[in-house]
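J.: Hey, dropping protein-v7.cif in here, mmCIF, C-alpha atoms:
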data_entry
loop_
_atom_site.group_PDB
_atom_site.id
_atom_site.type_symbol
_atom_site.label_atom_id
_atom_site.label_comp_id
_atom_site.auth_asym_id
_atom_site.auth_seq_id
_atom_site.Cartn_x
_atom_site.Cartn_y
_atom_site.Cartn_z
ATOM 1 C CA MET A 23 77.606 -94.440 113.387
ATOM 2 C CA LYS A 24 77.063 -91.013 114.988
ATOM 3 C CA LEU A 25 75.327 -88.248 113.068
ATOM 4 C CA ILE A 26 76.367 -84.689 113.922
ATOM 5 C CA ILE A 27 74.496 -81.733 112.481
ATOM 6 C CA MET A 28 76.402 -78.460 112.234
ATOM 7 C CA THR A 29 74.428 -75.215 112.109
ATOM 8 C CA ARG A 30 74.564 -72.839 109.179
ATOM 9 C CA ALA A 31 77.368 -70.308 109.652
ATOM 10 C CA THR A 32 74.832 -67.463 109.799
ATOM 11 C CA PHE A 33 71.694 -66.944 111.860
ATOM 12 C CA PHE A 34 68.277 -66.839 110.186
ATOM 13 C CA VAL A 35 64.665 -66.249 111.194
ATOM 14 C CA GLU A 36 63.301 -69.808 111.186
ATOM 15 C CA GLU A 37 66.390 -71.357 112.783
ATOM 16 C CA ASP A 38 65.040 -72.019 116.280
ATOM 17 C CA LYS A 39 61.874 -73.629 114.862
ATOM 18 C CA ILE A 40 63.858 -75.893 112.527
ATOM 19 C CA LEU A 41 66.337 -76.890 115.257
ATOM 20 C CA THR A 42 63.463 -77.665 117.638
ATOM 21 C CA THR A 43 61.830 -79.896 115.008
ATOM 22 C CA LEU A 44 65.161 -81.616 114.333
ATOM 23 C CA PHE A 45 65.582 -82.331 118.045
ATOM 24 C CA GLU A 46 62.010 -83.649 118.192
ATOM 25 C CA THR A 47 62.781 -85.871 115.192
ATOM 26 C CA GLY A 48 65.804 -87.419 116.904
ATOM 27 C CA MET A 49 68.822 -85.150 116.460
ATOM 28 C CA ASP A 50 71.072 -85.830 119.452
ATOM 29 C CA ASN A 51 74.272 -83.931 118.620
ATOM 30 C CA LEU A 52 74.177 -80.363 117.288
ATOM 31 C CA HIS A 53 77.307 -78.262 116.813
ATOM 32 C CA LEU A 54 76.598 -74.551 117.175
ATOM 33 C CA TYR A 55 79.041 -72.924 114.749
ATOM 34 C CA LYS A 56 78.619 -69.220 113.976
ATOM 35 C CA PRO A 57 82.107 -67.936 113.098
ATOM 36 C CA GLY A 58 82.611 -64.227 113.718
ATOM 37 C CA ALA A 59 79.173 -63.688 115.262
ATOM 38 C CA GLU A 60 78.630 -61.744 118.461
ATOM 39 C CA PRO A 61 77.844 -64.044 121.414
ATOM 40 C CA ILE A 62 74.541 -62.267 122.111
ATOM 41 C CA TYR A 63 73.078 -63.848 118.957
ATOM 42 C CA SER A 64 74.042 -67.346 120.103
ATOM 43 C CA GLU A 65 72.528 -66.579 123.503
ATOM 44 C CA ARG A 66 69.316 -65.471 121.831
ATOM 45 C CA LEU A 67 69.128 -68.649 119.746
ATOM 46 C CA LEU A 68 69.766 -70.842 122.788
ATOM 47 C CA SER A 69 67.118 -68.982 124.804
ATOM 48 C CA LEU A 70 64.551 -69.845 122.102
ATOM 49 C CA LEU A 71 65.242 -73.578 122.433
ATOM 50 C CA ASN A 72 63.835 -75.875 125.095
ATOM 51 C CA GLU A 73 66.294 -76.411 127.946
ATOM 52 C CA ASP A 74 65.858 -80.169 127.481
ATOM 53 C CA TYR A 75 67.974 -79.898 124.321
ATOM 54 C CA TYR A 76 70.938 -78.028 125.825
ATOM 55 C CA GLY A 77 72.689 -81.276 126.734
ATOM 56 C CA LYS A 78 72.799 -82.170 123.034
ATOM 57 C CA ILE A 79 74.548 -78.966 121.900
ATOM 58 C CA THR A 80 78.296 -78.406 121.503
ATOM 59 C CA VAL A 81 79.526 -74.830 121.062
ATOM 60 C CA HIS A 82 82.431 -73.776 118.813
ATOM 61 C CA ASP A 83 83.029 -70.257 120.138
ATOM 62 C CA HIS A 84 82.206 -68.239 123.247
ATOM 63 C CA PHE A 85 82.972 -71.226 125.450
ATOM 64 C CA TYR A 86 81.375 -69.593 128.519
ATOM 65 C CA LEU A 87 78.042 -70.570 126.960
ATOM 66 C CA LYS A 88 78.808 -74.193 127.820
ATOM 67 C CA ASP A 89 78.467 -73.582 131.566
ATOM 68 C CA GLU A 90 75.864 -70.833 131.323
ATOM 69 C CA TYR A 91 73.446 -73.052 129.403
ATOM 70 C CA HIS A 92 74.698 -76.458 130.617
ATOM 71 C CA LEU A 93 75.620 -77.500 127.080
ATOM 72 C CA ARG A 94 77.118 -80.833 126.076
ATOM 73 C CA GLY A 95 80.643 -79.539 125.485
ATOM 74 C CA ILE A 96 82.977 -77.303 123.498
ATOM 75 C CA HIS A 97 84.665 -77.727 120.122
ATOM 76 C CA VAL A 98 88.159 -76.398 119.425
ATOM 77 C CA ASN A 99 88.531 -75.599 115.727
ATOM 78 C CA SER A 100 92.086 -76.898 115.380
ATOM 79 C CA ALA A 101 94.176 -79.853 116.527
ATOM 80 C CA GLN A 102 96.596 -77.645 118.489
ATOM 81 C CA GLY A 103 93.998 -75.339 120.054
ATOM 82 C CA GLU A 104 93.758 -75.285 123.829
ATOM 83 C CA THR A 105 90.715 -75.457 126.051
ATOM 84 C CA PRO A 106 90.086 -72.595 128.507
ATOM 85 C CA ALA A 107 92.165 -72.782 131.700
ATOM 86 C CA GLY A 108 90.536 -75.082 134.228
ATOM 87 C CA TYR A 109 87.979 -76.407 131.759
ATOM 88 C CA ARG A 110 86.367 -79.703 132.711
ATOM 89 C CA GLY A 111 84.000 -81.429 130.356
ATOM 90 C CA ASN A 112 83.571 -82.804 126.860
ATOM 91 C CA VAL A 113 85.867 -81.443 124.188
ATOM 92 C CA SER A 114 86.095 -82.194 120.479
ATOM 93 C CA ARG A 115 88.579 -80.840 117.937
ATOM 94 C CA THR A 116 89.057 -80.463 114.189
ATOM 95 C CA CYS A 117 92.021 -82.125 112.482
ATOM 96 C CA ARG A 118 93.060 -81.024 109.015
ATOM 97 C CA ALA A 119 95.621 -83.756 108.426
ATOM 98 C CA ILE A 120 95.802 -87.483 109.095
ATOM 99 C CA ASP A 121 99.073 -87.144 111.009
ATOM 100 C CA GLU A 122 97.279 -84.981 113.600
ATOM 101 C CA LEU A 123 94.807 -87.720 114.521
ATOM 102 C CA LYS A 124 96.822 -89.920 116.880
ATOM 103 C CA GLU A 125 97.769 -87.237 119.405
ATOM 104 C CA THR A 126 94.562 -85.217 119.076
ATOM 105 C CA LYS A 127 92.347 -88.222 119.817
ATOM 106 C CA LYS A 128 94.114 -88.647 123.168
ATOM 107 C CA ARG A 129 93.026 -85.153 124.235
ATOM 108 C CA SER A 130 89.488 -85.229 122.837
ATOM 109 C CA ASN A 131 86.208 -87.093 123.217
ATOM 110 C CA TYR A 132 86.098 -87.211 119.416
ATOM 111 C CA VAL A 133 87.665 -85.372 116.487
ATOM 112 C CA PHE A 134 86.518 -84.155 113.081
ATOM 113 C CA LEU A 135 88.738 -84.939 110.102
ATOM 114 C CA LYS A 136 88.309 -82.443 107.281
ATOM 115 C CA THR A 137 88.082 -82.063 104.332
ATOM 116 C CA ILE A 138 86.980 -85.504 103.113
ATOM 117 C CA PHE A 139 85.039 -84.249 100.089
ATOM 118 C CA ASP A 140 84.451 -80.786 98.605
ATOM 119 C CA SER A 141 82.336 -78.774 101.040
ATOM 120 C CA GLN A 142 78.698 -78.127 100.130
ATOM 121 C CA SER A 143 78.429 -75.078 102.396
ATOM 122 C CA ASN A 144 81.766 -73.338 101.674
ATOM 123 C CA LYS A 145 82.983 -73.450 98.083
ATOM 124 C CA ASN A 146 86.546 -72.629 99.196
ATOM 125 C CA ASP A 147 86.819 -75.820 101.256
ATOM 126 C CA LYS A 148 88.050 -78.390 98.739
ATOM 127 C CA SER A 149 88.855 -82.033 99.409
ATOM 128 C CA THR A 150 92.395 -82.411 100.743
ATOM 129 C CA LEU A 151 92.522 -86.174 101.256
ATOM 130 C CA SER A 152 92.496 -88.943 98.669
ATOM 131 C CA LEU A 153 90.578 -92.180 99.171
ATOM 132 C CA ASP A 154 93.901 -94.037 99.129
ATOM 133 C CA GLU A 155 95.197 -91.886 101.993
ATOM 134 C CA LEU A 156 91.995 -92.485 103.930
ATOM 135 C CA ARG A 157 92.089 -96.243 103.343
ATOM 136 C CA ASN A 158 95.693 -96.333 104.514
ATOM 137 C CA ALA A 159 94.813 -94.356 107.670
ATOM 138 C CA SER A 160 91.953 -96.758 108.296
ATOM 139 C CA ARG A 161 94.248 -99.774 107.961
ATOM 140 C CA GLN A 162 96.645 -98.192 110.459
ATOM 141 C CA GLY A 163 93.827 -97.709 112.952
ATOM 142 C CA LEU A 164 94.082 -93.909 112.824
ATOM 143 C CA ILE A 165 90.485 -93.676 111.628
ATOM 144 C CA ASP A 166 88.236 -95.260 114.233
ATOM 145 C CA LYS A 167 85.061 -94.631 116.218
ATOM 146 C CA LYS A 168 86.509 -91.403 117.694
ATOM 147 C CA VAL A 169 87.047 -89.855 114.242
ATOM 148 C CA TYR A 170 84.141 -88.234 112.393
ATOM 149 C CA ALA A 171 84.206 -87.475 108.660
ATOM 150 C CA MET A 172 83.639 -83.808 107.803
ATOM 151 C CA GLY A 173 83.500 -81.886 104.549
ATOM 152 C CA GLY A 174 81.070 -82.543 101.736
ATOM 153 C CA MET A 175 79.385 -85.351 103.642
ATOM 154 C CA ASN A 176 75.955 -86.198 102.264
ATOM 155 C CA LEU A 177 73.400 -88.970 101.912
ATOM 156 C CA ASP A 178 75.314 -90.488 98.998
ATOM 157 C CA ASN A 179 78.749 -90.776 100.617
ATOM 158 C CA ILE A 180 77.894 -91.757 104.207
ATOM 159 C CA ARG A 181 78.389 -95.345 103.023
ATOM 160 C CA ILE A 182 82.034 -94.573 102.088
ATOM 161 C CA ALA A 183 82.667 -93.101 105.554
ATOM 162 C CA LYS A 184 81.212 -96.256 107.127
ATOM 163 C CA GLU A 185 83.415 -98.492 104.999
ATOM 164 C CA LEU A 186 86.490 -96.478 106.022
ATOM 165 C CA GLY A 187 85.670 -97.028 109.699
ATOM 166 C CA PHE A 188 84.691 -93.498 110.707
ATOM 167 C CA GLY A 189 82.715 -93.337 113.929
ATOM 168 C CA GLY A 190 80.468 -90.583 112.653
ATOM 169 C CA VAL A 191 79.758 -87.995 109.999
ATOM 170 C CA VAL A 192 79.318 -84.224 110.215
ATOM 171 C CA ILE A 193 76.509 -82.862 108.045
ATOM 172 C CA CYS A 194 76.062 -79.205 107.163
ATOM 173 C CA GLY A 195 75.409 -78.110 103.583
ATOM 174 C CA ASP A 196 73.627 -81.313 102.553
ATOM 175 C CA LEU A 197 70.901 -80.466 105.068
ATOM 176 C CA TRP A 198 70.751 -76.655 105.078
ATOM 177 C CA ASN A 199 70.883 -76.327 101.293
ATOM 178 C CA ARG A 200 67.368 -77.811 101.296
ATOM 179 C CA PHE A 201 65.911 -74.665 102.837
ATOM 180 C CA ASN A 202 66.124 -71.196 101.282
ATOM 181 C CA ILE A 203 66.330 -68.784 104.213
ATOM 182 C CA HIS A 204 65.287 -65.849 102.028
ATOM 183 C CA ASN A 205 61.968 -67.015 100.625
ATOM 184 C CA GLU A 206 60.862 -70.251 102.303
ATOM 185 C CA LEU A 207 58.845 -70.940 105.422
ATOM 186 C CA ASP A 208 58.113 -74.611 104.858
ATOM 187 C CA TYR A 209 60.985 -76.810 105.993
ATOM 188 C CA LYS A 210 59.328 -80.232 105.561
ATOM 189 C CA GLU A 211 61.860 -81.204 102.882
ATOM 190 C CA LEU A 212 64.745 -80.454 105.246
ATOM 191 C CA ILE A 213 63.229 -82.559 108.041
ATOM 192 C CA ALA A 214 62.477 -85.432 105.651
ATOM 193 C CA HIS A 215 66.084 -85.336 104.473
ATOM 194 C CA PHE A 216 67.329 -85.415 108.073
ATOM 195 C CA GLU A 217 65.327 -88.610 108.620
ATOM 196 C CA LYS A 218 67.025 -90.170 105.584
ATOM 197 C CA LEU A 219 70.438 -89.139 106.946
ATOM 198 C CA ARG A 220 69.628 -90.697 110.319
ATOM 199 C CA LYS A 221 68.617 -93.931 108.686
ATOM 200 C CA ALA A 222 71.764 -94.009 106.518
ATOM 201 C CA ALA A 223 74.065 -93.302 109.474
ATOM 202 C CA GLY A 224 72.249 -95.721 111.752
#
Represent the supplied structure as structure tokens.

T.:
Amino acid sequence: MKLIIMTRATFFVEEDKILTTLFETGMDNLHLYKPGAEPIYSERLLSLLNEDYYGKITVHDHFYLKDEYHLRGIHVNSAQGETPAGYRGNVSRTCRAIDELKETKKRSNYVFLKTIFDSQSNKNDKSTLSLDELRNASRQGLIDKKVYAMGGMNLDNIRIAKELGFGGVVICGDLWNRFNIHNELDYKELIAHFEKLRKAAG
């Protein structure tokens, strides 16, 4: 099962150091998601990372960064969203409903299905899908290795996503909530938790 780490929505001082350590510890798919931020801040963050890691990063906005930094691909934040004209390369998308999965999978390398559980990083993102609906979608083959569970995913419920047949999980709050950007410098707990997530997804 794939493990995708999504960045915090905001930039913070220790971010490049933590991301570098995560890559060194085995993170192989990072989604750079900074809604509403100016592209110069994403460029700055990327410039602080080793070029060896660029091929493991997917960008959610400012798609020109994909070619400029030779990133892994782009992510379109909706099922209907279009890629830039002439775009060639990996593309993933976010689905907000089960009935979007079938068609969206055809046009994507993989898709996120949200919101499986209540978000741990955005209190307004509440679960929209029942376990019965998810089990039914799994039985119909709509949930498969190209569909990744997103929304409230954590160490405790990765097992449920596996049982439902998801090909991966998207982790955000469960990881970043272990580091207080305002008064912490030591991120050992965050890295140790990432290792547990890797093991659980593996």

J.: Given all atoms listed in the file as the basis, pick out the residue of A:Ile96, A:Leu219, A:Asn158, A:Glu211 nearest to A:Asn179.

T.: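 Among the listed residues, the smallest separation from A:Asn179 belongs to A:Leu219.
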
J.: Calculate, to one decimal in Å, the centre and edge lengths of the box along x, y and z of the file that holds all listed atoms of stretch 158-165 of chain A with 4 Å of margin on each side, and present them as lines of an AutoDock Vina configuration file.

T.:
center_x = 93.6
center_y = -96.7
center_z = 108.7
size_x = 14.2
size_y = 14.1
size_z = 16.4

J.: What residues come out when you apply the PyMOL selection byres ((chain A and resi 77) around 6) to this file, written as a list of chain:residue names?

T.: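 For this structure, the PyMOL selection byres ((chain A and resi 77) around 6) captures A:Tyr75, A:Tyr76, A:Lys78, A:Ile79, A:Leu93, A:Arg94.
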
J.: Mind pulling up the distance from atom CA of A:Leu54 to atom CA of A:Lys218?

T.: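 Atom-to-atom, atom CA of A:Lys218 to atom CA of A:Leu54, that is 21.7 Å.
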
J.: So which residues touch A:Phe45 within 12 Å, counting all atoms listed in the file, skipping near sequence neighbours fewer than 4 positions away, as a list in words?

T.: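 Skipping anything fewer than 4 positions along the chain leaves Ile26, Ile27, Asp38, Lys39, Ile40, Leu41, Met49, Asp50, Asn51, Leu52, Leu71, Asn72, Glu73, Asp74, Tyr75, Tyr76, Gly77, Lys78, Ile79, Ile213, Phe216 and Glu217 of chain A.
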
J.: Please evaluate the PyMOL selection byres ((chain A and resi 99-107) around 8) against the structure above and give the resulting residues as a PyMOL selection string.

T.: chain A and resi 82+85+97-98+108-109+113+115-118+122+126

J.: Would you mind telling me which residue in A:Asp89, A:Leu156, A:Asp178, A:Thr137 lies nearest to A:Arg110 when using all atoms listed in the file?

T.: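 The shortest atom-to-atom distance to A:Arg110 comes from A:Asp89.
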
J.: Please identify every residue of stretch 95-151 of chain A that has at least one atom no farther than 9 Å from an atom of stretch 195-208 of chain A, counting all atoms listed in the file, and for each give the shortest atom pair and the distance in Å to one decimal, arranged by chain then increasing number, as JSON lines.

T.:
{"residue": "A:Ser141", "atom": "CA", "partner": "A:Gly195", "partner_atom": "CA", "distance": 7.4}
{"residue": "A:Gln142", "atom": "CA", "partner": "A:Gly195", "partner_atom": "CA", "distance": 4.8}
{"residue": "A:Ser143", "atom": "CA", "partner": "A:Gly195", "partner_atom": "CA", "distance": 4.4}
{"residue": "A:Asn144", "atom": "CA", "partner": "A:Gly195", "partner_atom": "CA", "distance": 8.2}

J.: Just to confirm, what's the straight-line distance from atom CA of A:Gly95 to atom CA of A:Asn131 in Å (one decimal)?

T.: 9.7 Å

J.: Work out how far atom CA of A:Phe34 is from atom CA of A:Arg220, in Å to one decimal.

T.: 23.9 Å

J.: Compare A:Pro57, A:Gly111, A:Gly48, A:Gly190 by their minimum atom-to-atom distance to A:Ser130, counting only C-alpha atoms, and give me the closest one.

T.: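 Closest to A:Ser130, using only C-alpha atoms: A:Gly111.
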
J.: For a cut-off of 12 Å around (86.4, -83.2, 106.1), file coordinates, pick out all residues using all atoms listed in the file and list them as a PyMOL selection string.

T.: chain A and resi 116-120+133-144+147-152+156+169-176+183+188+190-194
